[in-house]
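Okay, work_39.txt now, which holds compact mmCIF, C-alpha atoms:
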# COMPACT_ATOMS: atom_id res chain seq x y z
CA MET A 1 56.08 49.78 35.49
CA ARG A 2 59.42 48.38 36.68
CA LEU A 3 57.71 45.31 38.16
CA ARG A 4 55.96 44.57 34.84
CA THR A 5 59.31 44.67 32.95
CA VAL A 6 60.94 42.34 35.48
CA THR A 7 57.92 40.03 35.35
CA LEU A 8 58.21 39.79 31.55
CA LEU A 9 61.99 39.47 31.41
CA LEU A 10 62.28 36.82 34.10
CA PRO A 11 60.57 33.99 32.12
CA VAL A 12 62.51 34.88 28.96
CA THR A 13 65.81 34.90 30.84
CA LEU A 14 65.06 31.56 32.54
CA CYS A 15 64.07 29.99 29.22
CA LEU A 16 67.28 31.16 27.51
CA ALA A 17 69.41 30.01 30.45
CA ALA A 18 67.78 26.57 30.42
CA THR A 19 68.31 26.22 26.67
CA ALA A 20 71.97 27.20 26.95
CA ALA A 21 72.58 24.86 29.89
CA CYS A 22 71.06 21.93 28.06
CA GLY A 23 73.10 22.47 24.91
CA GLY A 24 70.43 24.16 22.83
CA SER A 25 67.53 22.66 20.96
CA ASP A 26 67.33 19.10 19.65
CA ASP A 27 68.44 20.13 16.17
CA SER A 28 71.51 22.06 17.32
CA GLY A 29 73.84 19.77 15.33
CA ASP A 30 76.13 19.30 18.34
CA ASP A 31 78.25 16.23 17.64
CA SER A 32 80.30 16.20 20.83
CA GLY A 33 78.33 13.61 22.81
CA PRO A 34 79.05 9.89 23.13
CA ILE A 35 78.94 7.92 19.89
CA GLY A 36 78.05 4.42 21.14
CA ALA A 37 77.88 1.19 19.14
CA ARG A 38 77.57 1.58 15.37
CA GLN A 39 76.45 -0.67 12.54
CA ILE A 40 79.24 -1.12 10.02
CA LYS A 41 78.26 -4.18 7.98
CA GLY A 42 75.90 -3.43 5.13
CA VAL A 43 76.65 0.31 5.08
CA ASN A 44 78.06 1.90 1.93
CA LEU A 45 81.14 3.49 3.49
CA CYS A 46 82.16 5.01 0.14
CA ALA A 47 79.03 7.17 0.01
CA LEU A 48 78.45 7.72 3.73
CA LEU A 49 79.90 11.26 3.76
CA PRO A 50 80.00 13.67 0.80
CA GLU A 51 83.48 14.16 -0.69
CA ASP A 52 83.40 17.90 0.04
CA THR A 53 82.69 17.20 3.73
CA MET A 54 85.61 14.76 3.90
CA ALA A 55 87.91 17.21 2.09
CA LYS A 56 86.96 20.01 4.50
CA THR A 57 87.51 17.72 7.51
CA LEU A 58 90.98 16.82 6.22
CA GLY A 59 91.80 20.44 5.35
CA VAL A 60 92.37 19.72 1.64
CA LYS A 61 90.85 21.35 -1.43
CA LYS A 62 89.54 18.30 -3.26
CA LEU A 63 89.21 14.52 -3.29
CA GLU A 64 89.00 12.41 -6.44
CA ALA A 65 87.40 8.97 -6.11
CA GLN A 66 89.66 6.07 -7.10
CA SER A 67 87.33 3.16 -6.27
CA SER A 68 84.25 3.39 -8.47
CA GLY A 69 81.43 1.07 -7.54
CA ALA A 70 83.00 0.01 -4.24
CA THR A 71 80.96 0.05 -1.05
CA ASP A 72 83.36 -1.28 1.58
CA ASP A 73 86.95 -0.38 0.70
CA CYS A 74 87.13 3.13 -0.68
CA ALA A 75 90.04 5.14 -2.05
CA TRP A 76 90.50 8.77 -3.02
CA LYS A 77 93.38 10.75 -4.47
CA ILE A 78 94.14 14.19 -3.04
CA PRO A 79 95.37 16.02 -6.14
CA VAL A 80 98.31 18.37 -5.68
CA ASP A 81 100.79 18.06 -8.56
CA GLY A 82 101.14 14.38 -9.45
CA ALA A 83 104.21 13.26 -7.50
CA ALA A 84 103.05 14.95 -4.30
CA ASP A 85 99.42 13.79 -4.49
CA GLY A 86 97.98 12.61 -1.22
CA ALA A 87 95.70 9.63 -0.61
CA LEU A 88 92.76 8.63 1.54
CA GLN A 89 91.32 5.17 2.15
CA THR A 90 88.35 4.14 4.26
CA GLY A 91 86.73 0.79 4.82
CA SER A 92 85.56 -1.82 7.24
CA TYR A 93 88.36 -3.43 9.19
CA TYR A 94 89.11 -5.04 12.54
CA LEU A 95 90.51 -3.45 15.68
CA PRO A 96 94.03 -4.72 16.40
CA GLU A 97 94.41 -6.52 19.73
CA GLY A 98 95.60 -4.01 22.37
CA GLY A 99 99.19 -2.93 22.52
CA GLU A 100 100.89 -0.14 20.64
CA GLY A 101 98.84 2.77 19.42
CA MET A 102 95.67 2.14 21.43
CA THR A 103 93.72 5.36 22.01
CA THR A 104 90.19 6.72 21.63
CA VAL A 105 88.44 8.61 18.85
CA GLY A 106 85.20 10.32 19.72
CA GLY A 107 85.26 8.37 22.99
CA LEU A 108 85.43 5.00 21.20
CA GLN A 109 88.30 2.52 21.51
CA ALA A 110 90.68 3.03 18.58
CA ASN A 111 94.16 2.28 17.29
CA ARG A 112 96.47 4.90 15.77
CA GLN A 113 99.59 3.96 13.83
CA ILE A 114 101.81 5.28 11.07
CA VAL A 115 101.51 2.77 8.21
CA GLN A 116 103.24 3.24 4.85
CA SER A 117 104.01 6.92 5.66
CA GLY A 118 100.31 7.63 6.30
CA CYS A 119 98.30 7.69 9.49
CA GLN A 120 95.95 4.76 10.03
CA ILE A 121 93.10 5.15 12.50
CA VAL A 122 90.93 2.11 13.28
CA VAL A 123 87.83 2.74 15.42
CA THR A 124 85.66 0.00 16.96
CA GLY A 125 81.99 -0.22 16.10
CA SER A 126 81.21 -2.12 19.31
CA GLY A 127 80.84 0.99 21.46
CA ALA A 128 83.82 0.00 23.66
CA THR A 129 85.48 3.03 25.20
CA ASP A 130 88.49 1.76 27.18
CA PRO A 131 91.67 2.11 25.09
CA ALA A 132 93.59 -0.18 27.45
CA ALA A 133 91.18 -3.11 27.12
CA THR A 134 92.15 -5.89 24.79
CA SER A 135 89.83 -6.50 21.90
CA PRO A 136 89.48 -9.62 19.76
CA ASN A 137 90.35 -9.13 16.10
CA ALA A 138 86.81 -10.08 15.12
CA VAL A 139 85.35 -6.78 16.38
CA ASP A 140 83.97 -4.75 13.47
CA ALA A 141 85.73 -1.45 13.01
CA VAL A 142 86.20 1.37 10.52
CA ARG A 143 89.64 2.15 9.10
CA VAL A 144 90.79 5.56 7.87
CA TRP A 145 94.24 5.85 6.27
CA TYR A 146 95.44 9.32 5.28
CA LEU A 147 98.64 10.37 3.51
CA GLN A 148 99.57 13.93 2.61
CA GLN A 149 103.08 14.96 1.57
CA GLY A 150 104.65 17.70 3.68
CA VAL A 151 102.28 17.14 6.62
CA ALA A 152 103.77 16.00 9.94
CA ASP A 153 102.67 12.59 11.26
CA ASP A 154 100.88 14.10 14.26
CA GLU A 155 98.89 16.43 12.01
CA LYS A 156 98.03 13.55 9.63
CA CYS A 157 96.73 11.59 12.60
CA THR A 158 94.77 14.55 13.94
CA ARG A 159 93.07 14.98 10.56
CA ALA A 160 92.48 11.25 10.11
CA GLY A 161 91.04 11.06 13.63
CA LYS A 162 88.59 13.89 12.90
CA LEU A 163 87.43 12.14 9.74
CA ALA A 164 87.15 8.79 11.55
CA GLU A 165 84.99 10.45 14.20
CA ALA A 166 82.78 12.06 11.53
CA ILE A 167 82.34 8.66 9.85
CA MET A 168 81.44 6.96 13.15
CA ARG A 169 78.87 9.65 13.93
CA ALA A 170 77.34 9.25 10.45
CA LEU A 171 76.94 5.47 10.81
CA PRO A 172 73.58 4.16 12.04
CA ALA A 173 73.38 3.15 15.70
CA ALA A 174 73.71 -0.60 16.26
Show this structure as structure tokens.
Amino acid sequence: MRLRTVTLLLPVTLCLAATAACGGSDDSGDDSGPIGARQIKGVNLCALLPEDTMAKTLGVKKLEAQSSGATDDCAWKIPVDGAADGALQTGSYYLPEGGEGMTTVGGLQANRQIVQSGCQIVVTGSGATDPAATSPNAVDAVRVWYLQQGVADDEKCTRAGKLAEAIMRALPAA
């Protein structure tokens, strides 16, 4: 009887171990792998991700669209109390040529800078991964600019980086 139990459990255990080692099934939703080159032109960046998904990624309660009908340069208000309202902008952009602020987001070459009190993250669509490599300004990229009163610059950039990565993963492969 003991041999029969072992004989039945062995295939089940091996199957579960193989699934776990390979990261689960194909529809596991794991978004931690390489992003690669992405198509930016011709994509409606304003409707790419639902507003509630973007709000959750940024850690805010709500976003209010400020750019109706736009498809490339998008703006949202983060309502708080009027004077302390935050802001979010996304759009197609270009990757600045090397230098200050070069980093990676989701493994892709990116630039991170504080611009007008908000954090600006620009991520290349070319699939380039080396943050130290110089990049011509003509390289298509996605820009995320995030401002929230009372949030430290590093935290703004962490949140903007997470949203930039989510946008890049949602774009179609080039």
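When all atoms listed in the file are used to compute distances to Ser117 of chain A, the closest of the residues A:Thr90, A:Gln148, A:Thr158, A:Thr129 turns out to be A:Gln148.
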### Task
Could you please determine the separation between atom CA of Ala128 of chain A and atom CA of Leu171 of chain A in Å, to one decimal place?
15.6 Å
Contacts of Gly161 of chain A within 12 Å, only C-alpha atoms, excl. fewer than 6 positions in-chain, as a PDB file with C-alpha atoms, keeping the file's coordinate frame:
ATOM      1  CA  MET A  54      85.610  14.760   3.900  1.00  0.00           C
ATOM      2  CA  THR A  57      87.510  17.720   7.510  1.00  0.00           C
ATOM      3  CA  LEU A  58      90.980  16.820   6.220  1.00  0.00           C
ATOM      4  CA  THR A  90      88.350   4.140   4.260  1.00  0.00           C
ATOM      5  CA  THR A 103      93.720   5.360  22.010  1.00  0.00           C
ATOM      6  CA  THR A 104      90.190   6.720  21.630  1.00  0.00           C
ATOM      7  CA  VAL A 105      88.440   8.610  18.850  1.00  0.00           C
ATOM      8  CA  GLY A 106      85.200  10.320  19.720  1.00  0.00           C
ATOM      9  CA  GLY A 107      85.260   8.370  22.990  1.00  0.00           C
ATOM     10  CA  LEU A 108      85.430   5.000  21.200  1.00  0.00           C
ATOM     11  CA  GLN A 109      88.300   2.520  21.510  1.00  0.00           C
ATOM     12  CA  ALA A 110      90.680   3.030  18.580  1.00  0.00           C
ATOM     13  CA  ASN A 111      94.160   2.280  17.290  1.00  0.00           C
ATOM     14  CA  ARG A 112      96.470   4.900  15.770  1.00  0.00           C
ATOM     15  CA  GLN A 113      99.590   3.960  13.830  1.00  0.00           C
ATOM     16  CA  CYS A 119      98.300   7.690   9.490  1.00  0.00           C
ATOM     17  CA  GLN A 120      95.950   4.760  10.030  1.00  0.00           C
ATOM     18  CA  ILE A 121      93.100   5.150  12.500  1.00  0.00           C
ATOM     19  CA  VAL A 122      90.930   2.110  13.280  1.00  0.00           C
ATOM     20  CA  VAL A 123      87.830   2.740  15.420  1.00  0.00           C
ATOM     21  CA  VAL A 142      86.200   1.370  10.520  1.00  0.00           C
ATOM     22  CA  ARG A 143      89.640   2.150   9.100  1.00  0.00           C
ATOM     23  CA  VAL A 144      90.790   5.560   7.870  1.00  0.00           C
ATOM     24  CA  TRP A 145      94.240   5.850   6.270  1.00  0.00           C
ATOM     25  CA  TYR A 146      95.440   9.320   5.280  1.00  0.00           C
ATOM     26  CA  ASP A 153     102.670  12.590  11.260  1.00  0.00           C
ATOM     27  CA  ASP A 154     100.880  14.100  14.260  1.00  0.00           C
ATOM     28  CA  GLU A 155      98.890  16.430  12.010  1.00  0.00           C
ATOM     29  CA  ILE A 167      82.340   8.660   9.850  1.00  0.00           C
ATOM     30  CA  MET A 168      81.440   6.960  13.150  1.00  0.00           C
TER      31      MET A 168
END
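Of the listed residues (A:Gln116, A:Thr53, A:Ser126, A:Asn44), A:Ser126 comes nearest to Leu95 of chain A; the distances count all atoms listed in the file.
If you measure from each of A:Gly33, A:Gly91, A:Pro79, A:Ala152 to Leu45 of chain A using only C-alpha atoms, the closest one turns out to be A:Gly91.
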Around segment 104-108 of chain A, with edges along x, y and z and 5 Å added on all six sides, what centre and edge lengths do you get, in Å to one decimal, as lines of an AutoDock Vina configuration file?
center_x = 87.7
center_y = 7.7
center_z = 20.9
size_x = 15.0
size_y = 15.3
size_z = 14.1
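If you measure from each of A:Ala133, A:Val43, A:Ala170, A:Ala75 to Ser92 of chain A using only C-alpha atoms, the closest one turns out to be A:Val43.
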### Query
Between atom CA of Arg169 of chain A and atom CA of Lys62 of chain A, what is the spacing in Å?
22.0 Å
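The nearest approach to Ile78 of chain A among the residues A:Gly101, A:Gln149, A:Asp130, A:Gln39, with only C-alpha atoms taken into account, belongs to A:Gln149.
In this comparison, which uses only C-alpha atoms, the residue of A:Leu48, A:Gly82, A:Ile114, A:Leu88 approaching Ser67 of chain A most closely is A:Leu88.
The interatomic distance for the pair atom CA of Pro34 of chain A and atom CA of Gly125 of chain A works out to 12.7 Å.
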